[in-house]
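Asker: Please find input-v5.txt (compact mmCIF, C-alpha atoms) on the next line:
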# COMPACT_ATOMS: atom_id res chain seq x y z
CA GLU A 1 6.15 -27.34 12.65
CA ASP A 2 6.11 -28.92 9.21
CA VAL A 3 4.77 -32.45 9.02
CA THR A 4 6.04 -34.66 6.23
CA THR A 5 3.59 -37.24 4.98
CA THR A 6 4.47 -40.40 3.14
CA PRO A 7 2.49 -40.99 -0.04
CA VAL A 8 0.20 -44.00 0.19
CA GLU A 9 0.66 -46.41 -2.69
CA GLU A 10 -2.55 -47.54 -4.31
CA GLU A 11 -3.08 -51.28 -4.28
CA ASN A 12 -3.51 -53.00 -7.60
CA THR A 13 -7.02 -54.39 -7.57
CA ILE A 14 -8.07 -57.29 -9.76
CA SER A 15 -11.56 -57.24 -11.19
CA ILE A 16 -13.64 -60.42 -11.19
CA PHE A 17 -13.63 -60.06 -14.96
CA ASP A 18 -9.85 -60.47 -15.07
CA VAL A 19 -10.02 -64.03 -13.77
CA PRO A 20 -11.83 -67.15 -15.04
CA PRO A 21 -15.33 -67.92 -13.77
CA THR A 22 -15.83 -70.36 -10.91
CA TYR A 23 -16.70 -73.67 -12.53
CA PRO A 24 -18.89 -76.25 -10.76
CA SER A 25 -17.43 -79.57 -9.66
CA VAL A 26 -17.76 -82.48 -12.07
CA VAL A 27 -18.77 -84.84 -9.24
CA LEU A 28 -21.95 -83.17 -8.02
CA GLY A 29 -24.80 -85.39 -6.87
CA LYS A 30 -28.45 -85.10 -7.89
CA SER A 31 -31.39 -84.77 -5.55
CA ILE A 32 -34.37 -87.14 -5.38
CA ASP A 33 -36.50 -87.77 -8.49
CA THR A 34 -39.40 -89.87 -7.20
CA ASP A 35 -41.08 -90.58 -10.54
CA ASN A 36 -37.78 -90.89 -12.44
CA ASP A 37 -38.86 -88.46 -15.15
CA GLY A 38 -35.67 -86.38 -15.24
CA LEU A 39 -37.18 -83.68 -13.04
CA THR A 40 -36.14 -83.66 -9.36
CA ASP A 41 -38.83 -83.44 -6.71
CA VAL A 42 -37.69 -79.90 -5.86
CA ALA A 43 -37.94 -78.89 -9.52
CA GLU A 44 -41.38 -80.54 -9.77
CA GLU A 45 -42.60 -78.00 -7.21
CA LEU A 46 -41.07 -75.21 -9.28
CA PHE A 47 -42.91 -76.26 -12.46
CA LEU A 48 -46.14 -77.28 -10.62
CA THR A 49 -45.88 -80.84 -11.95
CA ASP A 50 -46.86 -84.05 -10.14
CA LEU A 51 -43.78 -85.52 -8.45
CA GLY A 52 -45.36 -88.99 -8.52
CA VAL A 53 -46.34 -89.00 -12.21
CA PRO A 54 -43.79 -88.78 -15.08
CA ASP A 55 -46.34 -87.20 -17.46
CA SER A 56 -48.34 -84.73 -15.38
CA ASP A 57 -50.66 -83.58 -18.15
CA LYS A 58 -51.00 -87.06 -19.70
CA ASP A 59 -50.18 -85.90 -23.20
CA LYS A 60 -47.65 -88.71 -23.88
CA TYR A 61 -44.64 -86.44 -23.29
CA THR A 62 -42.78 -86.70 -19.99
CA ASP A 63 -42.48 -83.55 -17.89
CA SER A 64 -38.74 -83.17 -18.47
CA HIS A 65 -39.13 -83.80 -22.21
CA GLU A 66 -41.59 -80.94 -22.52
CA ILE A 67 -39.54 -78.53 -20.42
CA TYR A 68 -36.34 -79.41 -22.29
CA ASN A 69 -38.10 -78.57 -25.55
CA LEU A 70 -39.65 -75.40 -24.06
CA TYR A 71 -43.20 -76.68 -23.81
CA ASN A 72 -45.64 -76.46 -20.90
CA PRO A 73 -45.51 -79.70 -18.82
CA ILE A 74 -48.95 -79.09 -17.27
CA GLY A 75 -50.90 -78.13 -20.39
CA SER A 76 -53.59 -80.43 -21.78
CA GLU A 77 -52.00 -80.13 -25.24
CA PRO A 78 -48.62 -78.85 -26.48
CA ARG A 79 -48.26 -75.19 -25.52
CA LYS A 80 -45.20 -73.00 -25.40
CA LEU A 81 -43.45 -72.89 -22.03
CA ILE A 82 -43.15 -69.09 -22.28
CA ASP A 83 -46.97 -68.84 -22.34
CA SER A 84 -47.43 -71.09 -19.29
CA GLY A 85 -46.75 -68.48 -16.60
CA LEU A 86 -44.01 -70.76 -15.22
CA VAL A 87 -41.08 -68.89 -16.77
CA THR A 88 -40.08 -65.36 -17.73
CA GLU A 89 -37.88 -64.24 -20.61
CA PHE A 90 -34.85 -62.11 -19.72
CA THR A 91 -33.28 -59.83 -22.32
CA ASN A 92 -29.81 -58.58 -21.44
CA PRO A 93 -29.96 -54.78 -21.92
CA THR A 94 -26.29 -54.57 -22.98
CA PHE A 95 -25.57 -57.76 -24.88
CA GLU A 96 -29.15 -58.37 -26.04
CA TYR A 97 -29.15 -62.15 -25.61
CA LYS A 98 -32.42 -63.72 -24.43
CA VAL A 99 -33.02 -66.59 -22.04
CA TYR A 100 -35.90 -68.14 -20.10
CA TYR A 101 -35.74 -68.48 -16.31
CA PRO A 102 -38.21 -69.65 -13.62
CA LYS A 103 -40.60 -66.82 -12.81
CA ASN A 104 -40.00 -66.96 -9.05
CA TRP A 105 -36.20 -66.87 -9.30
CA ALA A 106 -34.39 -63.60 -8.62
CA VAL A 107 -32.32 -61.89 -11.33
CA GLY A 108 -29.34 -59.73 -10.44
CA ASN A 109 -26.63 -58.06 -12.49
CA VAL A 110 -23.21 -58.39 -10.84
CA ASP A 111 -21.97 -55.24 -12.61
CA GLU A 112 -23.60 -52.21 -14.20
CA SER A 113 -22.75 -53.40 -17.70
CA TYR A 114 -24.73 -56.65 -17.24
CA ARG A 115 -21.63 -58.58 -18.23
CA ASP A 116 -22.35 -61.03 -15.42
CA VAL A 117 -25.93 -61.96 -14.50
CA LEU A 118 -27.15 -64.33 -11.77
CA PHE A 119 -30.48 -66.16 -11.75
CA SER A 120 -30.98 -67.38 -8.19
CA THR A 121 -33.27 -69.47 -6.00
CA LEU A 122 -34.21 -68.46 -2.47
CA THR A 123 -32.10 -71.37 -1.24
CA GLY A 124 -28.92 -70.04 -2.84
CA GLU A 125 -28.47 -72.17 -5.95
CA SER A 126 -28.01 -70.14 -9.11
CA VAL A 127 -27.29 -70.09 -12.82
CA GLU A 128 -24.71 -67.54 -13.95
CA ILE A 129 -24.36 -66.14 -17.46
CA ARG A 130 -21.12 -64.27 -18.07
CA ALA A 131 -20.03 -62.52 -21.27
CA ILE A 132 -16.27 -62.74 -21.79
CA GLU A 133 -14.59 -60.73 -24.53
CA LYS A 134 -12.10 -62.32 -26.91
CA ASP A 135 -8.81 -60.69 -27.91
CA THR A 136 -6.00 -61.40 -30.35
CA THR A 137 -4.57 -64.08 -28.06
CA ASP A 138 -7.77 -66.12 -27.85
CA ALA A 139 -9.48 -65.63 -31.19
CA SER A 140 -10.30 -69.34 -31.51
CA PHE A 141 -12.50 -71.15 -29.01
CA THR A 142 -9.67 -73.56 -28.18
CA SER A 143 -7.29 -70.74 -27.24
CA TRP A 144 -10.06 -68.92 -25.39
CA PHE A 145 -10.88 -72.09 -23.45
CA ALA A 146 -7.25 -72.59 -22.43
CA LYS A 147 -7.18 -69.05 -21.00
CA TRP A 148 -10.60 -68.82 -19.37
CA ALA A 149 -11.17 -72.43 -18.30
CA PRO A 150 -7.63 -73.48 -17.29
CA ASN A 151 -8.75 -76.25 -14.94
CA GLU A 152 -11.44 -77.60 -17.26
CA LYS A 153 -10.95 -80.29 -19.92
CA ILE A 154 -12.00 -79.51 -23.46
CA THR A 155 -12.48 -83.26 -23.95
CA ASP A 156 -15.38 -83.00 -21.47
CA LEU A 157 -17.32 -80.86 -23.95
CA VAL A 158 -19.86 -82.07 -26.51
CA ASP A 159 -21.66 -80.17 -29.25
CA PHE A 160 -24.88 -78.48 -28.17
CA GLU A 161 -27.75 -76.81 -29.98
CA THR A 162 -30.51 -74.61 -28.58
CA VAL A 163 -34.14 -75.02 -29.55
CA PHE A 164 -33.65 -71.93 -31.72
CA LYS A 165 -30.67 -73.51 -33.54
CA ASP A 166 -27.83 -71.53 -31.92
CA LYS A 167 -24.86 -73.86 -31.64
CA GLY A 168 -22.43 -74.14 -28.75
CA TRP A 169 -20.80 -76.62 -26.39
CA GLN A 170 -22.05 -78.40 -23.28
CA ARG A 171 -20.03 -79.99 -20.53
CA LYS A 172 -21.04 -83.64 -20.40
CA ASP A 173 -22.66 -83.26 -16.97
CA SER A 174 -24.91 -80.42 -18.27
CA MET A 175 -23.60 -77.98 -15.64
CA VAL A 176 -21.71 -75.66 -18.05
CA TYR A 177 -22.52 -74.28 -21.53
CA TYR A 178 -20.62 -72.08 -23.99
CA PHE A 179 -21.94 -69.95 -26.86
CA GLU A 180 -19.41 -68.23 -29.12
CA THR A 181 -19.62 -65.17 -31.37
CA SER A 182 -16.84 -63.40 -33.26
CA ARG A 183 -16.33 -60.98 -30.36
CA ARG A 184 -17.02 -62.94 -27.19
CA VAL A 185 -18.01 -66.17 -25.48
CA TYR A 186 -21.07 -66.46 -23.27
CA VAL A 187 -20.61 -68.95 -20.42
CA MET A 188 -23.56 -70.42 -18.52
CA LEU A 189 -22.70 -72.13 -15.23
CA TYR A 190 -24.62 -73.85 -12.46
CA HIS A 191 -23.69 -72.99 -8.86
CA THR A 192 -24.77 -75.13 -5.93
CA THR A 193 -24.78 -74.35 -2.23
CA ASP A 194 -22.41 -76.15 0.14
CA SER A 195 -24.50 -79.31 -0.16
CA ASN A 196 -22.88 -80.41 -3.45
CA VAL A 197 -26.29 -81.62 -4.59
CA VAL A 198 -27.97 -80.35 -7.75
CA ASN A 199 -31.68 -79.65 -7.28
CA PHE A 200 -32.39 -77.84 -10.54
CA GLU A 201 -30.51 -79.65 -13.31
CA MET A 202 -33.49 -79.28 -15.64
CA VAL A 203 -33.53 -75.52 -15.04
CA ILE A 204 -30.06 -74.94 -16.49
CA LYS A 205 -30.91 -77.33 -19.33
CA MET A 206 -34.06 -75.33 -20.04
CA MET A 207 -32.15 -72.06 -19.83
CA ALA A 208 -29.44 -73.30 -22.18
CA ARG A 209 -31.99 -74.60 -24.67
CA SER A 210 -33.81 -71.25 -24.60
CA PHE A 211 -30.66 -69.12 -25.03
CA ARG A 212 -30.78 -66.88 -28.08
CA LEU A 213 -28.14 -64.61 -29.52
CA PRO A 214 -29.39 -61.20 -30.76
CA THR A 215 -29.75 -62.23 -34.39
CA THR A 216 -31.47 -65.57 -33.76
CA GLU A 217 -34.95 -66.05 -35.19
CA GLU A 218 -37.59 -67.15 -32.71
CA VAL A 219 -38.98 -70.35 -34.17
CA LEU A 220 -39.99 -73.10 -31.74
CA PRO A 221 -39.98 -76.60 -33.30
CA ASN A 222 -42.96 -78.91 -32.87
CA LEU A 223 -42.90 -81.61 -30.23
CA VAL A 224 -42.46 -85.21 -31.34
CA VAL A 225 -42.60 -88.50 -29.47
CA GLU A 226 -39.44 -89.22 -27.49
CA GLU A 227 -36.89 -91.63 -28.89
CA GLY A 228 -34.28 -92.25 -26.24
CA GLY A 229 -34.85 -89.30 -23.93
CA ALA A 230 -35.14 -85.55 -24.02
CA GLU A 231 -31.59 -84.98 -25.22
CA THR A 232 -32.07 -87.14 -28.34
CA VAL A 233 -35.41 -85.76 -29.46
CA VAL A 234 -35.87 -85.26 -33.19
CA THR A 235 -37.80 -82.13 -34.04
CA THR A 236 -39.36 -80.67 -37.15
CA THR A 237 -38.50 -77.22 -38.45
CA GLN A 238 -42.06 -75.90 -38.47
CA GLY A 239 -42.78 -73.34 -35.72
CA LEU A 240 -46.02 -73.03 -33.81
Would you mind writing the structure in this file as structure tokens?
Answerer:
Amino acid sequence: EDVTTTPVEEENTISIFDVPPTYPSVVLGKSIDTDNDGLTDVAEELFLTDLGVPDSDKDKYTDSHEIYNLYNPIGSEPRKLIDSGLVTEFTNPTFEYKVYYPKNWAVGNVDESYRDVLFSTLTGESVEIRAIEKDTTDASFTSWFAKWAPNEKITDLVDFETVFKDKGWQRKDSMVYYFETSRRVYVMLYHTTDSNVVNFEMVIKMMARSFRLPTTEEVLPNLVVEEGGAETVVTTTQGL
């Protein structure tokens, strides 16, 4: 007896790369910062700094100021953060950008092309870097932003510059960063757990400040005395 089978229609699957990234809330809270140095108590443990002292190494630069400018917060004199043993440099094997991340965080590529990379804590918080291609419909950053950040406000963005002079944009709460090239936009996003509390704000700031596009020269500016906080530091152009 002949049996007639009905063809099974294949379902149309949507890749995660066909939809915008998941953006963090703009009303996230911050965890405890006992010494009020811009580094939460949880992050102090990560960087081996003293959670009761704003300047752990007593070199006249607060812990967060040094980390923000990619210097070692527990060195007796200004030393590069990358030489401290506290962070590791990641080089994306496909897109060739470079970025620092805490040495005891896990790194995982969401796809084989390394288009989406997660840097994660054991507790579940993470920083995501996603490379999103541009096409003829979103050649400008404004048009790209309208397509890939539809629920975000471009008025919430301010100009941003890495330590290595790559320019981009930062969401005012420091939870999202954008770096644009002629072919794509790199988005860096902070993801919390269900607690809606940010424990590692300085980590994403450090990662954003250390971000380097493939053609960027590695020149780390000298530290100078703070004038109004880490984000308003004035640096020289001479590298160490």
Asker: Excluding same-chain residues fewer than 6 positions from region 35-50 of chain A, what lies within 8 Å of it counting all atoms listed in the file, as a PDB file with C-alpha atoms, in the coordinates of the input?
Answerer:
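selection27.pdb was written with the following content:
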ATOM      1  CA  SER A  56     -48.340 -84.730 -15.380  1.00  0.00           C
ATOM      2  CA  THR A  62     -42.780 -86.700 -19.990  1.00  0.00           C
ATOM      3  CA  ASP A  63     -42.480 -83.550 -17.890  1.00  0.00           C
ATOM      4  CA  SER A  64     -38.740 -83.170 -18.470  1.00  0.00           C
ATOM      5  CA  PRO A  73     -45.510 -79.700 -18.820  1.00  0.00           C
ATOM      6  CA  ILE A  74     -48.950 -79.090 -17.270  1.00  0.00           C
ATOM      7  CA  LEU A  86     -44.010 -70.760 -15.220  1.00  0.00           C
ATOM      8  CA  PRO A 102     -38.210 -69.650 -13.620  1.00  0.00           C
ATOM      9  CA  ASN A 199     -31.680 -79.650  -7.280  1.00  0.00           C
ATOM     10  CA  PHE A 200     -32.390 -77.840 -10.540  1.00  0.00           C
ATOM     11  CA  GLU A 201     -30.510 -79.650 -13.310  1.00  0.00           C
ATOM     12  CA  MET A 202     -33.490 -79.280 -15.640  1.00  0.00           C
ATOM     13  CA  VAL A 203     -33.530 -75.520 -15.040  1.00  0.00           C
TER      14      VAL A 203
END
Asker: Select, from A:Asn69, A:Ser113, A:Ser143, A:Ser126, the residue with the minimum atom-to-atom distance to Leu81 (chain A), counting all atoms listed in the file.
Answerer: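 Going through A:Asn69, A:Ser113, A:Ser143, A:Ser126 one by one, the smallest distance to Leu81 (chain A) is for A:Asn69.
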Asker: So the first atom is CA of Gly124 (chain A) and the second is CA of Thr193 (chain A); what is the distance between them in Å, to one decimal place?
Answerer: 6.0 Å
Asker: Report, in Å to a single decimal, how far apart CA of Val107 (chain A) and CA of Met175 (chain A) are.
Answerer: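 Straight-line distance from CA of Met175 (chain A) to CA of Val107 (chain A) works out to 18.8 Å.
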Asker: To one decimal place, how far is CA of Met206 (chain A) from CA of Tyr101 (chain A) in Å?
Answerer: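 Pair CA of Met206 (chain A) / CA of Tyr101 (chain A) returns 8.0 Å.
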Asker: With distances taken over all atoms listed in the file, which of A:Val27, A:Leu213, A:Val163, A:Val127 is nearest to Tyr71 (chain A)?
Answerer: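 Smallest distance to Tyr71 (chain A) is found for A:Val163.
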Asker: Looking at A:Lys165, A:Arg79, A:Arg184, A:His65, which one is nearest to Ser210 (chain A), with distances taken over all atoms listed in the file?
Answerer: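 Among A:Lys165, A:Arg79, A:Arg184, A:His65, it is A:Lys165 that comes nearest to Ser210 (chain A).
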Asker: Would you please work out which residue, of A:Glu89, A:Asp173, A:Asp33, A:Glu152, is nearest to Leu70 (chain A) when using all atoms listed in the file?
Answerer: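 Nearest candidate to Leu70 (chain A) out of A:Glu89, A:Asp173, A:Asp33, A:Glu152: A:Glu89.
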Asker: Pick out the closest residue to Ala149 (chain A) from this set: A:Tyr178, A:Phe211, A:Tyr114, A:Tyr61. Count all atoms listed in the file.
Answerer: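 Of A:Tyr178, A:Phe211, A:Tyr114, A:Tyr61, the one nearest Ala149 (chain A), counting all atoms listed in the file, is A:Tyr178.
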Asker: Counting only C-alpha atoms, figure out which residue out of A:Ile204, A:Leu223, A:Asp135, A:Phe95 gets nearest to Asp59 (chain A).
Answerer: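 Answer, going by the shortest atom-to-atom distance: A:Leu223.
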Asker: Counting all atoms listed in the file, note down every residue that has an atom within 7 Å of the point (-22.4, -75.1, -13.7) (file coordinates), as a ChimeraX atom specification.
Answerer: /A:23-24,175-176,188-191
Asker: With 5 Å of padding per side, what axis-aligned box (centre and edge lengths, Å, one decimal) covers all the listed atoms of region 196-206 of chain A? Give it as JSON.
Answerer:
{"center_x": -28.5, "center_y": -78.3, "center_z": -11.7, "size_x": 21.2, "size_y": 16.7, "size_z": 26.6}
Asker: Would you kindly return, as a list in words, each protein, DNA or RNA residue with an atom no farther than 10 Å from any atom of Thr181 (chain A), considering all atoms listed in the file and excluding same-chain residues fewer than 5 positions away?
Answerer: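 Final neighbour list, sorted by chain and number: Glu133, Lys134, Phe141, Gly168, Tyr186 and Leu213 of chain A.
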